[in-house]
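Shown next: structure22.cif, given as mmCIF, C-alpha atoms.
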data_work
loop_
_atom_site.label_atom_id
_atom_site.label_comp_id
_atom_site.auth_asym_id
_atom_site.auth_seq_id
_atom_site.Cartn_x
_atom_site.Cartn_y
_atom_site.Cartn_z
CA MET A 30 -34.69 82.85 -81.18
CA ILE A 31 -34.44 85.25 -84.11
CA TYR A 32 -31.74 87.22 -82.26
CA TYR A 33 -29.80 84.00 -81.61
CA TRP A 34 -29.73 82.93 -85.27
CA PHE A 35 -29.07 86.49 -86.44
CA THR A 36 -26.01 86.60 -84.16
CA ILE A 37 -24.75 83.18 -85.32
CA LEU A 38 -25.15 84.26 -88.95
CA LYS A 39 -23.27 87.49 -88.18
CA ILE A 40 -20.44 85.48 -86.57
CA LEU A 41 -20.20 83.23 -89.64
CA ILE A 42 -20.13 86.19 -92.04
CA LEU A 43 -17.67 88.25 -89.99
CA ARG A 44 -15.24 85.31 -89.75
CA ASN A 45 -14.16 86.22 -93.29
CA PHE A 46 -13.05 89.69 -92.15
CA GLN A 47 -11.44 88.87 -88.80
CA ASN A 48 -8.05 87.51 -87.84
CA LYS A 49 -7.84 83.76 -87.56
CA VAL A 50 -7.36 82.27 -84.10
CA GLU A 51 -5.98 79.01 -82.80
CA TYR A 52 -8.38 76.37 -81.49
CA ASN A 53 -7.04 76.88 -77.95
CA GLN A 54 -6.59 80.64 -78.03
CA THR A 55 -8.21 82.86 -75.40
CA ILE A 56 -10.65 85.28 -77.03
CA SER A 57 -12.82 88.08 -75.65
CA ARG A 58 -15.86 89.93 -76.92
CA ASP A 59 -17.73 92.91 -75.51
CA PHE A 60 -21.49 92.74 -75.17
CA ARG A 61 -24.21 94.95 -73.71
CA VAL A 62 -27.05 93.66 -71.53
CA GLY A 63 -30.17 94.21 -73.61
CA LEU A 64 -33.73 94.87 -72.55
CA PHE A 65 -34.85 91.33 -73.47
CA ASP A 66 -31.91 89.83 -71.53
CA CYS A 67 -33.34 91.03 -68.23
CA ASP A 68 -35.93 90.01 -65.71
CA GLY A 69 -38.27 92.37 -63.85
CA LEU A 70 -35.45 93.52 -61.57
CA ARG A 71 -33.47 94.87 -64.56
CA VAL A 72 -30.63 92.35 -64.24
CA MET A 73 -29.60 89.73 -66.77
CA THR A 74 -31.64 86.59 -66.24
CA ALA A 75 -29.81 83.31 -65.66
CA SER A 76 -31.06 81.88 -68.95
CA LYS A 77 -29.09 84.45 -70.99
CA TYR A 78 -25.62 83.56 -69.70
CA PRO A 79 -25.52 80.25 -71.65
CA VAL A 80 -26.63 82.09 -74.81
CA TYR A 81 -23.67 84.46 -74.63
CA MET A 82 -21.38 81.52 -73.82
CA ASP A 83 -22.68 79.84 -76.97
CA PHE A 84 -21.93 82.94 -79.06
CA ILE A 85 -18.28 83.09 -78.01
CA ARG A 86 -17.77 79.34 -78.58
CA TRP A 87 -19.28 79.75 -82.06
CA GLU A 88 -16.88 82.61 -82.69
CA LEU A 89 -13.89 80.49 -81.66
CA ILE A 90 -14.97 77.68 -84.00
CA ALA A 91 -15.76 80.06 -86.87
CA ARG A 92 -12.43 81.90 -86.66
CA SER A 93 -10.24 78.81 -86.24
CA LYS A 94 -9.37 75.85 -88.45
CA LEU A 95 -12.01 73.87 -86.59
CA PHE A 96 -14.73 75.40 -88.75
CA LYS A 97 -13.54 73.87 -92.03
CA ALA A 98 -12.71 70.53 -90.37
CA ILE A 99 -16.17 70.31 -88.82
CA VAL A 100 -18.06 71.43 -91.94
CA ARG A 101 -16.01 69.20 -94.27
CA ARG A 102 -16.88 66.13 -92.20
CA GLY A 103 -20.53 67.09 -91.70
CA LEU A 104 -20.18 67.21 -87.93
CA ALA A 105 -22.23 69.01 -85.30
CA PRO A 106 -20.49 70.64 -82.33
CA THR A 107 -22.64 69.97 -79.28
CA LEU A 108 -22.60 71.16 -75.72
CA GLY A 109 -22.39 68.18 -73.39
CA SER A 110 -22.68 69.88 -70.03
CA GLN A 111 -22.24 73.27 -68.41
CA LYS A 112 -21.93 74.69 -64.93
CA ILE A 113 -22.36 78.38 -64.15
CA ILE A 114 -21.35 80.19 -60.99
CA TYR A 115 -23.11 83.52 -60.54
CA ARG A 116 -21.30 86.04 -58.37
CA LYS A 117 -22.90 89.45 -59.05
CA PRO A 118 -25.61 90.51 -61.49
CA LEU A 119 -25.12 92.24 -64.82
CA LYS A 120 -27.48 95.20 -64.99
CA LEU A 121 -29.63 96.47 -67.85
CA PHE A 122 -27.78 98.33 -70.64
CA THR A 123 -24.34 97.87 -69.06
CA LYS A 124 -21.37 96.58 -71.05
CA PHE A 125 -19.56 93.41 -70.09
CA THR A 126 -16.69 91.42 -71.53
CA LEU A 127 -16.97 87.70 -72.07
CA THR A 128 -13.66 85.86 -72.22
CA LEU A 129 -13.38 82.29 -73.47
CA GLU A 130 -10.38 80.30 -72.33
CA SER A 131 -9.51 76.76 -73.32
CA SER A 132 -9.19 74.54 -70.27
CA GLY A 133 -8.01 71.44 -72.13
CA LEU A 134 -9.32 68.41 -73.97
CA ASP A 135 -9.34 64.65 -73.92
CA GLU A 136 -10.28 61.98 -76.45
CA LYS A 137 -13.96 62.99 -76.39
CA TRP A 138 -14.46 66.40 -74.76
CA VAL A 139 -13.26 69.99 -75.17
CA TYR A 140 -13.39 72.02 -71.94
CA HIS A 141 -13.79 75.80 -71.79
CA LEU A 142 -13.94 78.48 -69.11
CA HIS A 143 -16.13 81.54 -69.73
CA TYR A 144 -15.52 84.68 -67.66
CA PHE A 145 -18.18 87.41 -67.52
CA LYS A 146 -16.26 90.55 -66.50
CA GLN A 147 -17.34 94.08 -65.83
CA ASN A 148 -15.12 96.88 -64.47
CA ASN A 149 -12.27 94.38 -63.96
CA GLU A 150 -14.48 92.23 -61.74
CA ILE A 151 -15.65 88.70 -62.48
CA LYS A 152 -19.46 88.63 -62.37
CA ALA A 153 -19.94 84.98 -63.38
CA VAL A 154 -17.95 81.97 -64.53
CA GLY A 155 -19.20 79.27 -66.86
CA ILE A 156 -17.46 75.93 -67.36
CA THR A 157 -18.45 73.79 -70.34
CA ARG A 158 -17.56 70.57 -72.04
CA SER A 159 -18.40 70.05 -75.69
CA LEU A 160 -17.96 67.35 -78.28
CA VAL A 161 -18.66 66.80 -81.96
CA TRP A 162 -21.27 64.42 -83.32
CA LYS A 163 -22.09 62.81 -86.62
CA LYS A 164 -25.38 60.97 -86.96
CA ASP A 165 -25.84 60.71 -83.15
CA ILE A 166 -22.38 59.19 -82.66
CA PRO A 167 -19.57 61.11 -80.91
CA THR A 168 -16.62 61.54 -83.24
CA ALA A 169 -13.03 60.95 -82.15
CA LEU A 170 -11.76 64.40 -81.28
CA SER A 171 -8.15 63.34 -81.83
CA ASP A 172 -8.78 62.90 -85.58
CA ILE A 173 -10.10 66.44 -85.91
CA MET A 174 -7.23 67.84 -83.85
CA LYS A 175 -4.69 66.09 -86.08
CA GLU A 176 -6.41 67.49 -89.16
CA ILE A 177 -6.08 71.07 -87.91
CA GLY A 178 -2.44 70.56 -86.94
CA ALA A 179 -2.83 70.56 -83.15
CA LYS A 180 0.42 69.39 -81.64
CA GLU A 181 -0.48 68.85 -78.01
CA GLN A 182 -3.51 67.63 -76.14
CA LYS A 183 -3.47 69.48 -72.84
CA PRO A 184 -5.74 67.67 -70.37
CA PRO A 185 -8.04 69.87 -68.31
CA PRO A 186 -7.22 70.47 -64.65
CA GLN A 187 -8.64 67.97 -62.17
CA TRP A 188 -11.06 70.49 -60.65
CA VAL A 189 -12.72 70.89 -64.07
CA LEU A 190 -13.02 67.12 -64.52
CA ASP A 191 -14.45 66.81 -61.01
CA LEU A 192 -17.29 69.20 -61.91
CA PHE A 193 -18.53 66.79 -64.57
CA ASN A 194 -17.74 63.48 -62.84
CA ASN A 195 -21.29 62.52 -61.91
CA ASP A 196 -23.14 63.86 -64.96
CA LYS A 197 -23.71 60.43 -66.47
CA ASN A 198 -24.90 58.98 -63.16
CA ILE A 199 -27.29 61.89 -62.60
CA ILE A 200 -28.88 61.62 -66.03
CA ASN A 201 -29.27 57.84 -65.71
CA THR A 202 -30.93 58.06 -62.28
CA ASP A 203 -34.62 57.24 -62.11
CA PRO A 204 -36.46 60.48 -61.19
CA GLN A 205 -38.92 58.48 -59.01
CA ILE A 206 -36.11 57.85 -56.53
CA HIS A 207 -35.80 61.57 -55.80
CA THR A 208 -39.45 62.36 -55.13
CA VAL A 209 -40.36 63.86 -51.76
#

Structure re-expressed in structure tokens:
Amino acid sequence: MIYYWFTILKILILRNFQNKVEYNQTISRDFRVGLFDCDGLRVMTASKYPVYMDFIRWELIARSKLFKAIVRRGLAPTLGSQKIIYRKPLKLFTKFTLTLESSGLDEKWVYHLHYFKQNNEIKAVGITRSLVWKKDIPTALSDIMKEIGAKEQKPPPQWVLDLFNNDKNIINTDPQIHTV
């Protein structure tokens, strides 16, 4: 957890020395698989992929106009749901590139695609939807987008929406129904 907060703090400090980006801009960052990222087989454990996805989303927020709009309003960006498709493992001490691409947004959610690449090969893909909260209430995303000067609201492709279609039903299902 110390590494996580150290990295977030580093992102927030470095935002002052990096080029600004647009809220929907594709950004990439190189990382290296560390010793504590791996399991006993010396490959990155599944629990670390979301951490790196979080880092690149933080970077996008920190380097765009979203940061000031979110801080000024006292909002909290929150991950609503994520899906990860693992194709091939990332091995200990190897470099990889994580690319964050905006997939679109609607009135409530922002959708992103995360590509874990190594040697021009996609190793994993993460798809997320996020929103902003204030005092446990989702905030209208359209107000924030207007504030930062966003002109268009590109809806996400249908395949992305389909991935998250049943999330609410799944979380509201009584776990006793699914017992064996």

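All protein, DNA and RNA residues at most 10 Å from (-19.9, 65.6, -89.3) are Ala98, Ile99, Val100, Arg101, Arg102, Gly103, Leu104, Ala105, Pro106, Val161, Trp162, Lys163, Lys164, Asp165, Ile166, Pro167 and Thr168 of chain A, using only C-alpha atoms.
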
- Write out as a list in words which residues come within 12 Å of Glu150 of chain A when counting all atoms listed in the file, dropping same-chain ones fewer than 6 positions away. Arg116, Lys117, Pro118, Leu119, Phe125, Thr126, Leu127 and Tyr144 of chain A

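Using all atoms listed in the file, the smallest distance between any of A:Ile85, A:Leu190, A:Ala91, A:Leu121 and Gly69 of chain A comes from A:Leu121.
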
If you apply the PyMOL selection byres ((chain A and resi 64) around 12) to this file, what residues do you get, as a PDB file with C-alpha atoms, keeping the file's coordinate frame?
ATOM      1  CA  ARG A  61     -24.210  94.950 -73.710  1.00  0.00           C
ATOM      2  CA  VAL A  62     -27.050  93.660 -71.530  1.00  0.00           C
ATOM      3  CA  GLY A  63     -30.170  94.210 -73.610  1.00  0.00           C
ATOM      4  CA  PHE A  65     -34.850  91.330 -73.470  1.00  0.00           C
ATOM      5  CA  ASP A  66     -31.910  89.830 -71.530  1.00  0.00           C
ATOM      6  CA  CYS A  67     -33.340  91.030 -68.230  1.00  0.00           C
ATOM      7  CA  ASP A  68     -35.930  90.010 -65.710  1.00  0.00           C
ATOM      8  CA  GLY A  69     -38.270  92.370 -63.850  1.00  0.00           C
ATOM      9  CA  LEU A  70     -35.450  93.520 -61.570  1.00  0.00           C
ATOM     10  CA  ARG A  71     -33.470  94.870 -64.560  1.00  0.00           C
ATOM     11  CA  VAL A  72     -30.630  92.350 -64.240  1.00  0.00           C
ATOM     12  CA  MET A  73     -29.600  89.730 -66.770  1.00  0.00           C
ATOM     13  CA  THR A  74     -31.640  86.590 -66.240  1.00  0.00           C
ATOM     14  CA  LYS A  77     -29.090  84.450 -70.990  1.00  0.00           C
ATOM     15  CA  LEU A 119     -25.120  92.240 -64.820  1.00  0.00           C
ATOM     16  CA  LYS A 120     -27.480  95.200 -64.990  1.00  0.00           C
ATOM     17  CA  LEU A 121     -29.630  96.470 -67.850  1.00  0.00           C
ATOM     18  CA  PHE A 122     -27.780  98.330 -70.640  1.00  0.00           C
ATOM     19  CA  THR A 123     -24.340  97.870 -69.060  1.00  0.00           C
TER      20      THR A 123
END

- Residue contacts of Glu176 of chain A (9 Å, all atoms listed in the file) excluding same-chain residues fewer than 5 positions away, as a ChimeraX atom specification: /A:94-95,98,171

Now that the selection is made, can you save its residues with C-alpha atoms as a PDB file, in the coordinates of the input?
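Once written, selection_11.pdb looks like this:
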ATOM      1  CA  LYS A  94      -9.370  75.850 -88.450  1.00  0.00           C
ATOM      2  CA  LEU A  95     -12.010  73.870 -86.590  1.00  0.00           C
ATOM      3  CA  ALA A  98     -12.710  70.530 -90.370  1.00  0.00           C
ATOM      4  CA  SER A 171      -8.150  63.340 -81.830  1.00  0.00           C
TER       5      SER A 171
END

- Query: Using only C-alpha atoms, can you list as a list in words the residues within 12 Å of (-1.8, 71.8, -85.6)?
  - Reply: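 These residues have at least one counted atom within 12 Å: Val50, Glu51, Tyr52, Asn53, Ser93, Lys94, Leu95, Ala98, Ser171, Asp172, Ile173, Met174, Lys175, Glu176, Ile177, Gly178, Ala179, Lys180, Glu181 and Gln182 of chain A.
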